[in-house]
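Step one of this worksheet: look at the structure below.
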Amino acid sequence: MNSASKHAFCRYLLQMSLLLPLSLLLGTGLLIARLLSGPWEIFVLDPLPWSGSGQQTLDRWILNPALPERFQQFLRRSGISLLPLLVLVIRRRCDLVGPRLCTAAEVQELCLPAHRADVLPGLISSYQLKVRMNMLFQSEAEIEQQYLSRRGMLHDCGIFLRYLLAGLYGATAAQHRVQEQIGGVPFINLSQEELVSAIMLALRLQCRTHVAFVNPDCVNKAQTDAEYKSCLQQADWVCPDGIGMRIAGHLLGREVRQNLNGTDLLPALCKAIENSSHAVYLLGAKPGVAEKMAQCLQSRFPGLRIAGAQHGYFAESETARVIADIRAANTAILLVGFGAPKQDIWIHRHLAASGACVGIGVGGLFDFYSGNIPRAPLWMREIGMEWVYRLIQEPQRMWRRYLIGNIVFLHRVISEKLHSGKRSMK
């Protein structure tokens with residue numbers, strides 16, 4: 001047995017050890033469901049033409065569309081609808097984790113890597129994990145290319161476990177409204193791609209625009225700081241940042257479409273304005289950090305115009321000079337990293353005078369992007385645990401914000417849910 005065969009055999013044994021108890025549980029549920037289903041067939045054959053491993057058609061079974069809707073919902077929630085998919089893994093037609101199962105037409109349309117056909121597709125993919133966790137910041141082709149370059153038993157086990165954990169608060173099929181509200185703070189419910197497009201439109205039309213990011217700590221501060229809350233209510237686009245907002249939206253029935261934060265937004269925005277006339281000004285962080293970040297940005301995006309960089313530790317008496325510098329540099333996008341609530345109050349007061357078109361409050365982005373503070377590993381972000389990493393990094397500064405602040409935030413959200421429930425009953 002060669003190395004590749006040994007690897008495939010070990011992979012199969014590992015998958016069987018994971019599937020056996022689950023298959024027994026779902027099989028029992030399927031038997032009960034079959035007894036309750038009356039004359040209906042629970043599953044019907046739905047052959048799928050697909051691309052991969054030299055096979056042309058995959059005989060998959062799906063829930064019978066003729067079943068009553070409530071019965072279908074029961075089968076999905078109980079997990080019984082997954083049983084035919086697990087059979088595909090047992091029959092070695094699929095893996096638990098692998099490239100997403102799709103047709104040859106989808107592969108061509110999405111420009112997916114051609115060598116994906118060298119491996120079995122997966123019931124779970126890295127792409128589906130990012131969709132579930134509202135972290136779809138790259139194309140499926142890029143995500144799949146990264147997966148295929150790292151593929152292995154340990155890597156796939158990690159994806160599988162993170163996918164299960166993400167199911168506790170992952171994405172649902174709920175309808176999303178463009179405008180939502182949590183704790184009296186309104187926010188836009190867009191994807192990152194749509195947000196970048198909106199910023200580019202504001203630049204083209206020269207519409208002065210204030211972009212703010214809010215996490216649970218910001219919502220807490222807005223309850224006791226009237227000026228900050230007013231700034232957020234008047235800002236053009238307020239974006240939900242972090243797993244706390246996702247959980248709150250789920251509890252309140254206001255599903256958050258995507259985790260929007262400055263650290264993930266910046267590369268997409270820089271790519272969009274690279275080789276254009278739109279210049280970026282960096283304002284914030286400790287002395288030297290903004291300049292270091294400017295160098296990092298220039299190295300990664302050679303065609304990006306950096307209008308200037310200024311640390312955030314200047315005296316109030318120097319504000320007029322800083323504003324004059326920003327205006328003289330013909331700034332299009334002003335990134336302000338003072339932390340909340342100071343950064344959004346500053347943008348609200350001074351954006352017009354600075355001459356910048358778009359002002360964005362980015363918090364600790366400068367420290368992350370300059371390399372002063374490492375960001376949480378991707379696997380921690382994919383299970384919503386980036387805040388734990390930040391707490392470990394700076395326990396003295398962050399313990400009150402996360403250990404107490406998160407409890408206060410959840411109490412506020414649950415109270416809001418209870419009050420809205422009482423109002424709806426009247």
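Here, A, B, ... name the chains of the structure tokens in the order displayed, residue numbers run from 1 inside each chain, and ligands are numbered from 1 in the same displayed order.
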
Inset, instruction - Within 9 Å of Gly384 in chain A, counting only C-alpha atoms, which residues show up once you throw out same-chain ones fewer than 5 positions away? Write them as number ranges by chain, please. - result: A: 133, 166, 169, 242-244, 379

Legend entry - Filtered DSSP result for range 37-235 of chain A, state strand (DSSP E or B), as a ChimeraX atom specification: /A:43-49,57-63,95-97,100,122-124,179-182,185-188,209-214

Inset, instruction - Name the closest residue to Gly363 in chain A among the candidates A:Ser415, A:Ser277, A:Thr331, A:Asn261; distances are taken between atoms, counting only C-alpha atoms. - result: A:Asn261

Inset, instruction - Could you pull out the residues in range 166-363 of chain A that DSSP calls alpha helix (DSSP H) from the backbone, as a ChimeraX atom specification? - result: /A:166,192-205,216-224,226-234,243-252,262-273,289-300,319-328,342-354

Please provide as a PDB file with all heavy atoms, in the first residue's frame all residues within 10 Å of Leu334 in chain A, with the sequence filter that same-chain residues fewer than 3 positions apart are discarded (counting only C-alpha atoms).
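Result file follows (selection14.pdb):
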ATOM      1  N   HIS A 210     -20.054  59.161   6.789  1.00  0.00           N
ATOM      2  CA  HIS A 210     -19.463  58.695   8.053  1.00  0.00           C
ATOM      3  C   HIS A 210     -19.780  57.215   8.213  1.00  0.00           C
ATOM      4  O   HIS A 210     -20.940  56.813   8.276  1.00  0.00           O
ATOM      5  CB  HIS A 210     -20.036  59.503   9.223  1.00  0.00           C
ATOM      6  CG  HIS A 210     -19.548  59.049  10.568  1.00  0.00           C
ATOM      7  ND1 HIS A 210     -20.086  59.541  11.752  1.00  0.00           N
ATOM      8  CD2 HIS A 210     -18.590  58.169  10.953  1.00  0.00           C
ATOM      9  CE1 HIS A 210     -19.473  58.982  12.781  1.00  0.00           C
ATOM     10  NE2 HIS A 210     -18.565  58.136  12.318  1.00  0.00           N
ATOM     11  N   ALA A 279      -7.072  59.228  -2.259  1.00  0.00           N
ATOM     12  CA  ALA A 279      -5.976  59.090  -1.295  1.00  0.00           C
ATOM     13  C   ALA A 279      -6.519  58.806   0.107  1.00  0.00           C
ATOM     14  O   ALA A 279      -7.583  59.296   0.490  1.00  0.00           O
ATOM     15  CB  ALA A 279      -5.126  60.360  -1.272  1.00  0.00           C
ATOM     16  N   VAL A 280      -5.743  58.034   0.870  1.00  0.00           N
ATOM     17  CA  VAL A 280      -6.127  57.632   2.226  1.00  0.00           C
ATOM     18  C   VAL A 280      -5.237  58.342   3.235  1.00  0.00           C
ATOM     19  O   VAL A 280      -4.015  58.393   3.074  1.00  0.00           O
ATOM     20  CB  VAL A 280      -5.994  56.105   2.408  1.00  0.00           C
ATOM     21  CG1 VAL A 280      -6.353  55.691   3.832  1.00  0.00           C
ATOM     22  CG2 VAL A 280      -6.876  55.377   1.416  1.00  0.00           C
ATOM     23  N   TYR A 281      -5.856  58.881   4.289  1.00  0.00           N
ATOM     24  CA  TYR A 281      -5.110  59.515   5.377  1.00  0.00           C
ATOM     25  C   TYR A 281      -5.295  58.678   6.628  1.00  0.00           C
ATOM     26  O   TYR A 281      -6.424  58.290   6.970  1.00  0.00           O
ATOM     27  CB  TYR A 281      -5.603  60.946   5.615  1.00  0.00           C
ATOM     28  CG  TYR A 281      -4.678  61.789   6.475  1.00  0.00           C
ATOM     29  CD1 TYR A 281      -3.832  62.730   5.899  1.00  0.00           C
ATOM     30  CD2 TYR A 281      -4.663  61.654   7.869  1.00  0.00           C
ATOM     31  CE1 TYR A 281      -2.983  63.510   6.684  1.00  0.00           C
ATOM     32  CE2 TYR A 281      -3.819  62.422   8.651  1.00  0.00           C
ATOM     33  CZ  TYR A 281      -2.977  63.349   8.052  1.00  0.00           C
ATOM     34  OH  TYR A 281      -2.132  64.116   8.823  1.00  0.00           O
ATOM     35  N   LEU A 282      -4.196  58.390   7.350  1.00  0.00           N
ATOM     36  CA  LEU A 282      -4.225  57.548   8.544  1.00  0.00           C
ATOM     37  C   LEU A 282      -4.059  58.418   9.786  1.00  0.00           C
ATOM     38  O   LEU A 282      -3.033  59.068   9.960  1.00  0.00           O
ATOM     39  CB  LEU A 282      -3.101  56.514   8.486  1.00  0.00           C
ATOM     40  CG  LEU A 282      -2.980  55.716   7.181  1.00  0.00           C
ATOM     41  CD1 LEU A 282      -1.780  54.782   7.230  1.00  0.00           C
ATOM     42  CD2 LEU A 282      -4.257  54.938   6.907  1.00  0.00           C
ATOM     43  N   LEU A 283      -5.076  58.429  10.636  1.00  0.00           N
ATOM     44  CA  LEU A 283      -5.063  59.268  11.829  1.00  0.00           C
ATOM     45  C   LEU A 283      -5.381  58.407  13.052  1.00  0.00           C
ATOM     46  O   LEU A 283      -6.488  57.877  13.180  1.00  0.00           O
ATOM     47  CB  LEU A 283      -6.097  60.387  11.688  1.00  0.00           C
ATOM     48  CG  LEU A 283      -6.311  61.298  12.900  1.00  0.00           C
ATOM     49  CD1 LEU A 283      -5.031  62.076  13.220  1.00  0.00           C
ATOM     50  CD2 LEU A 283      -7.472  62.271  12.640  1.00  0.00           C
ATOM     51  N   ALA A 307      -2.225  59.715   1.659  1.00  0.00           N
ATOM     52  CA  ALA A 307      -2.218  61.181   1.756  1.00  0.00           C
ATOM     53  C   ALA A 307      -1.363  61.662   2.922  1.00  0.00           C
ATOM     54  O   ALA A 307      -0.778  62.750   2.872  1.00  0.00           O
ATOM     55  CB  ALA A 307      -3.652  61.698   1.907  1.00  0.00           C
ATOM     56  N   GLY A 308      -1.287  60.859   3.988  1.00  0.00           N
ATOM     57  CA  GLY A 308      -0.523  61.268   5.156  1.00  0.00           C
ATOM     58  C   GLY A 308      -0.804  60.368   6.341  1.00  0.00           C
ATOM     59  O   GLY A 308      -1.687  59.503   6.289  1.00  0.00           O
ATOM     60  N   ILE A 326      -4.961  67.415   6.832  1.00  0.00           N
ATOM     61  CA  ILE A 326      -5.810  66.451   6.111  1.00  0.00           C
ATOM     62  C   ILE A 326      -6.410  67.104   4.875  1.00  0.00           C
ATOM     63  O   ILE A 326      -6.432  66.512   3.782  1.00  0.00           O
ATOM     64  CB  ILE A 326      -6.924  65.920   7.046  1.00  0.00           C
ATOM     65  CG1 ILE A 326      -6.305  65.161   8.222  1.00  0.00           C
ATOM     66  CG2 ILE A 326      -7.893  65.023   6.285  1.00  0.00           C
ATOM     67  CD1 ILE A 326      -7.301  64.800   9.313  1.00  0.00           C
ATOM     68  N   THR A 331      -7.407  64.593   0.876  1.00  0.00           N
ATOM     69  CA  THR A 331      -7.795  63.270   1.373  1.00  0.00           C
ATOM     70  C   THR A 331      -9.180  62.887   0.881  1.00  0.00           C
ATOM     71  O   THR A 331     -10.119  63.688   0.930  1.00  0.00           O
ATOM     72  CB  THR A 331      -7.782  63.265   2.912  1.00  0.00           C
ATOM     73  OG1 THR A 331      -6.468  63.598   3.360  1.00  0.00           O
ATOM     74  CG2 THR A 331      -8.190  61.918   3.458  1.00  0.00           C
ATOM     75  N   GLY A 337      -8.384  56.077  14.027  1.00  0.00           N
ATOM     76  CA  GLY A 337      -8.236  54.997  14.995  1.00  0.00           C
ATOM     77  C   GLY A 337      -8.018  55.500  16.402  1.00  0.00           C
ATOM     78  O   GLY A 337      -6.941  55.316  16.971  1.00  0.00           O
ATOM     79  N   ILE A 347     -15.056  62.271  14.131  1.00  0.00           N
ATOM     80  CA  ILE A 347     -15.478  62.285  12.721  1.00  0.00           C
ATOM     81  C   ILE A 347     -16.735  63.122  12.559  1.00  0.00           C
ATOM     82  O   ILE A 347     -16.856  63.924  11.619  1.00  0.00           O
ATOM     83  CB  ILE A 347     -15.708  60.843  12.217  1.00  0.00           C
ATOM     84  CG1 ILE A 347     -14.382  60.089  12.155  1.00  0.00           C
ATOM     85  CG2 ILE A 347     -16.375  60.853  10.846  1.00  0.00           C
ATOM     86  CD1 ILE A 347     -14.531  58.603  11.845  1.00  0.00           C
ATOM     87  N   LEU A 351     -15.356  65.973  10.157  1.00  0.00           N
ATOM     88  CA  LEU A 351     -15.219  65.418   8.805  1.00  0.00           C
ATOM     89  C   LEU A 351     -15.409  66.474   7.729  1.00  0.00           C
ATOM     90  O   LEU A 351     -14.629  66.550   6.771  1.00  0.00           O
ATOM     91  CB  LEU A 351     -16.225  64.269   8.604  1.00  0.00           C
ATOM     92  CG  LEU A 351     -16.163  63.572   7.240  1.00  0.00           C
ATOM     93  CD1 LEU A 351     -14.797  62.920   7.017  1.00  0.00           C
ATOM     94  CD2 LEU A 351     -17.277  62.515   7.114  1.00  0.00           C
ATOM     95  N   SER A 354     -12.409  68.728   7.424  1.00  0.00           N
ATOM     96  CA  SER A 354     -11.195  68.075   6.922  1.00  0.00           C
ATOM     97  C   SER A 354     -11.168  67.976   5.406  1.00  0.00           C
ATOM     98  O   SER A 354     -10.115  67.742   4.814  1.00  0.00           O
ATOM     99  CB  SER A 354     -11.088  66.663   7.514  1.00  0.00           C
ATOM    100  OG  SER A 354     -12.044  65.798   6.923  1.00  0.00           O
ATOM    101  N   GLY A 355     -12.345  68.126   4.788  1.00  0.00           N
ATOM    102  CA  GLY A 355     -12.414  68.022   3.333  1.00  0.00           C
ATOM    103  C   GLY A 355     -12.469  66.599   2.821  1.00  0.00           C
ATOM    104  O   GLY A 355     -12.637  66.367   1.626  1.00  0.00           O
ATOM    105  N   ALA A 356     -12.311  65.622   3.706  1.00  0.00           N
ATOM    106  CA  ALA A 356     -12.375  64.217   3.288  1.00  0.00           C
ATOM    107  C   ALA A 356     -13.804  63.848   2.910  1.00  0.00           C
ATOM    108  O   ALA A 356     -14.763  64.372   3.477  1.00  0.00           O
ATOM    109  CB  ALA A 356     -11.870  63.315   4.400  1.00  0.00           C
ATOM    110  N   CYS A 357     -13.921  62.930   1.974  1.00  0.00           N
ATOM    111  CA  CYS A 357     -15.249  62.503   1.529  1.00  0.00           C
ATOM    112  C   CYS A 357     -15.819  61.447   2.474  1.00  0.00           C
ATOM    113  O   CYS A 357     -16.976  61.527   2.875  1.00  0.00           O
ATOM    114  CB  CYS A 357     -15.167  61.954   0.108  1.00  0.00           C
ATOM    115  SG  CYS A 357     -16.751  61.401  -0.547  1.00  0.00           S
ATOM    116  N   VAL A 358     -15.002  60.456   2.831  1.00  0.00           N
ATOM    117  CA  VAL A 358     -15.462  59.345   3.665  1.00  0.00           C
ATOM    118  C   VAL A 358     -14.601  59.276   4.925  1.00  0.00           C
ATOM    119  O   VAL A 358     -13.371  59.241   4.841  1.00  0.00           O
ATOM    120  CB  VAL A 358     -15.381  58.001   2.901  1.00  0.00           C
ATOM    121  CG1 VAL A 358     -15.810  56.847   3.807  1.00  0.00           C
ATOM    122  CG2 VAL A 358     -16.239  58.049   1.650  1.00  0.00           C
ATOM    123  N   GLY A 359     -15.253  59.273   6.088  1.00  0.00           N
ATOM    124  CA  GLY A 359     -14.555  59.106   7.363  1.00  0.00           C
ATOM    125  C   GLY A 359     -14.955  57.786   7.988  1.00  0.00           C
ATOM    126  O   GLY A 359     -16.149  57.494   8.101  1.00  0.00           O
ATOM    127  N   ILE A 360     -13.971  56.974   8.376  1.00  0.00           N
ATOM    128  CA  ILE A 360     -14.251  55.645   8.914  1.00  0.00           C
ATOM    129  C   ILE A 360     -13.555  55.484  10.264  1.00  0.00           C
ATOM    130  O   ILE A 360     -12.335  55.663  10.369  1.00  0.00           O
ATOM    131  CB  ILE A 360     -13.759  54.525   7.964  1.00  0.00           C
ATOM    132  CG1 ILE A 360     -14.287  54.748   6.538  1.00  0.00           C
ATOM    133  CG2 ILE A 360     -14.188  53.158   8.481  1.00  0.00           C
ATOM    134  CD1 ILE A 360     -13.792  53.719   5.536  1.00  0.00           C
ATOM    135  N   GLY A 361     -14.316  55.166  11.307  1.00  0.00           N
ATOM    136  CA  GLY A 361     -13.743  54.881  12.622  1.00  0.00           C
ATOM    137  C   GLY A 361     -13.294  53.432  12.672  1.00  0.00           C
ATOM    138  O   GLY A 361     -14.111  52.526  12.530  1.00  0.00           O
ATOM    139  N   VAL A 362     -11.993  53.196  12.861  1.00  0.00           N
ATOM    140  CA  VAL A 362     -11.454  51.840  12.694  1.00  0.00           C
ATOM    141  C   VAL A 362     -10.881  51.224  13.968  1.00  0.00           C
ATOM    142  O   VAL A 362     -10.279  50.153  13.924  1.00  0.00           O
ATOM    143  CB  VAL A 362     -10.384  51.827  11.580  1.00  0.00           C
ATOM    144  CG1 VAL A 362     -11.016  52.122  10.227  1.00  0.00           C
ATOM    145  CG2 VAL A 362      -9.262  52.824  11.889  1.00  0.00           C
TER     146      VAL A 362
END

Taking 5 positions as the minimum chain separation for residues in the same chain, which residues sit within 6 Å of range 81-95 of chain A when counting only C-alpha atoms? Answer as a PDB file with N, CA, C and O atoms, in the first residue's frame.
ATOM      1  N   TRP A  61     -30.048  11.543  -2.554  1.00  0.00           N
ATOM      2  CA  TRP A  61     -31.438  11.500  -2.130  1.00  0.00           C
ATOM      3  C   TRP A  61     -31.751  12.764  -1.353  1.00  0.00           C
ATOM      4  O   TRP A  61     -30.953  13.206  -0.530  1.00  0.00           O
ATOM      5  N   LEU A  75     -37.762  17.199  10.057  1.00  0.00           N
ATOM      6  CA  LEU A  75     -36.684  16.343   9.557  1.00  0.00           C
ATOM      7  C   LEU A  75     -35.373  17.110   9.451  1.00  0.00           C
ATOM      8  O   LEU A  75     -34.296  16.567   9.718  1.00  0.00           O
ATOM      9  N   ARG A  76     -35.456  18.386   9.060  1.00  0.00           N
ATOM     10  CA  ARG A  76     -34.234  19.190   8.947  1.00  0.00           C
ATOM     11  C   ARG A  76     -33.669  19.516  10.324  1.00  0.00           C
ATOM     12  O   ARG A  76     -32.472  19.426  10.553  1.00  0.00           O
ATOM     13  N   LEU A 120     -12.151  13.908  -3.603  1.00  0.00           N
ATOM     14  CA  LEU A 120     -13.597  13.780  -3.434  1.00  0.00           C
ATOM     15  C   LEU A 120     -14.175  15.080  -2.887  1.00  0.00           C
ATOM     16  O   LEU A 120     -13.530  15.772  -2.103  1.00  0.00           O
ATOM     17  N   PRO A 121     -15.396  15.404  -3.289  1.00  0.00           N
ATOM     18  CA  PRO A 121     -16.038  16.594  -2.717  1.00  0.00           C
ATOM     19  C   PRO A 121     -16.417  16.329  -1.261  1.00  0.00           C
ATOM     20  O   PRO A 121     -16.390  15.184  -0.801  1.00  0.00           O
ATOM     21  N   GLY A 122     -16.791  17.377  -0.543  1.00  0.00           N
ATOM     22  CA  GLY A 122     -17.128  17.227   0.862  1.00  0.00           C
ATOM     23  C   GLY A 122     -18.549  17.657   1.164  1.00  0.00           C
ATOM     24  O   GLY A 122     -19.098  18.550   0.505  1.00  0.00           O
TER      25      GLY A 122
END

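CA of Cys218 in chain A lies 22.6 Å from CA of Ile333 in chain A.
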
Applying 9 Å and only C-alpha atoms, which residues near Gly371 in chain A remain after dropping the ones on its own chain fewer than 4 positions away? List them as an mmCIF file with N, CA, C and O atoms, in the first residue's frame.
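Written out: around.cif:
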data_model
loop_
_atom_site.group_PDB
_atom_site.id
_atom_site.type_symbol
_atom_site.label_atom_id
_atom_site.label_comp_id
_atom_site.auth_asym_id
_atom_site.auth_seq_id
_atom_site.Cartn_x
_atom_site.Cartn_y
_atom_site.Cartn_z
ATOM 1 N N LYS A 292 4.138 53.354 10.331
ATOM 2 C CA LYS A 292 4.483 51.955 10.055
ATOM 3 C C LYS A 292 3.379 51.270 9.251
ATOM 4 O O LYS A 292 3.655 50.490 8.324
ATOM 5 N N MET A 293 2.131 51.587 9.587
ATOM 6 C CA MET A 293 1.016 51.027 8.836
ATOM 7 C C MET A 293 1.024 51.523 7.397
ATOM 8 O O MET A 293 0.736 50.762 6.463
ATOM 9 N N CYS A 296 3.357 49.463 5.462
ATOM 10 C CA CYS A 296 2.796 48.132 5.197
ATOM 11 C C CYS A 296 1.773 48.192 4.059
ATOM 12 O O CYS A 296 1.760 47.326 3.174
ATOM 13 N N PHE A 366 -4.938 50.090 13.257
ATOM 14 C CA PHE A 366 -3.547 50.468 12.985
ATOM 15 C C PHE A 366 -2.573 49.521 13.691
ATOM 16 O O PHE A 366 -1.550 49.141 13.124
ATOM 17 N N ASP A 367 -2.896 49.172 14.927
ATOM 18 C CA ASP A 367 -2.024 48.256 15.677
ATOM 19 C C ASP A 367 -2.001 46.868 15.039
ATOM 20 O O ASP A 367 -0.958 46.227 14.966
ATOM 21 N N ARG A 375 -3.281 39.615 15.264
ATOM 22 C CA ARG A 375 -4.703 39.310 15.266
ATOM 23 C C ARG A 375 -4.907 37.834 15.586
ATOM 24 O O ARG A 375 -4.019 37.006 15.398
#

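Proximity to Val196 in chain A at 12 Å, evaluated using only C-alpha atoms and with sequence-adjacent residues fewer than 6 positions away removed, yields Phe137, Leu190, Ala202, Leu203, Val211, Trp237, Leu260, Asn261, Gly262, Asp264, Leu265, Leu266, Pro267, Ala268, Leu269, Cys270, Lys271, Ala272, Ile273 and Val358 of chain A.
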
Inset, instruction - Within 12 Å of Leu161 in chain A, counting only C-alpha atoms, which residues show up once you throw out same-chain ones fewer than 4 positions away? Write them as a ChimeraX atom specification, please. - result: /A:18,96-97,124-126,129,154-157,165-168,379-380,382-383

Keeping only C-alpha atoms, write the selected residues as a PDB file, in the first residue's frame.
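Okay, selection_16.pdb is ready:
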ATOM      1  CA  LEU A  18     -17.115  10.197  13.556  1.00  0.00           C
ATOM      2  CA  LEU A  96     -16.993  14.693   5.244  1.00  0.00           C
ATOM      3  CA  VAL A  97     -14.791  17.691   4.396  1.00  0.00           C
ATOM      4  CA  ILE A 124     -18.757  20.369   4.488  1.00  0.00           C
ATOM      5  CA  SER A 125     -16.372  22.814   2.841  1.00  0.00           C
ATOM      6  CA  SER A 126     -14.241  25.711   3.989  1.00  0.00           C
ATOM      7  CA  LEU A 129     -17.943  27.372   7.062  1.00  0.00           C
ATOM      8  CA  LEU A 154      -5.804  17.517  10.804  1.00  0.00           C
ATOM      9  CA  HIS A 155      -6.837  20.535   8.739  1.00  0.00           C
ATOM     10  CA  ASP A 156     -10.108  18.846   7.735  1.00  0.00           C
ATOM     11  CA  CYS A 157     -10.830  17.791  11.330  1.00  0.00           C
ATOM     12  CA  LEU A 165     -19.402  24.881  16.798  1.00  0.00           C
ATOM     13  CA  ALA A 166     -20.486  27.539  14.306  1.00  0.00           C
ATOM     14  CA  GLY A 167     -23.891  25.851  14.165  1.00  0.00           C
ATOM     15  CA  LEU A 168     -24.583  27.256  17.642  1.00  0.00           C
ATOM     16  CA  TRP A 379      -9.608  29.242  13.286  1.00  0.00           C
ATOM     17  CA  MET A 380     -10.505  31.313  16.374  1.00  0.00           C
ATOM     18  CA  GLU A 382     -14.221  31.141  12.473  1.00  0.00           C
ATOM     19  CA  ILE A 383     -15.753  29.980  15.770  1.00  0.00           C
TER      20      ILE A 383
END

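Atom pair CA of Ile414 in chain A / CA of Arg246 in chain A: separated by 13.8 Å.
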
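For the choices A:Asp59, A:Asp236, A:Leu148, A:Ala376, the atom-to-atom distance to Leu391 in chain A is smallest for A:Ala376 when using only C-alpha atoms.
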
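One finds CA of Ile345 in chain A at 15.8 Å from CA of Val322 in chain A.
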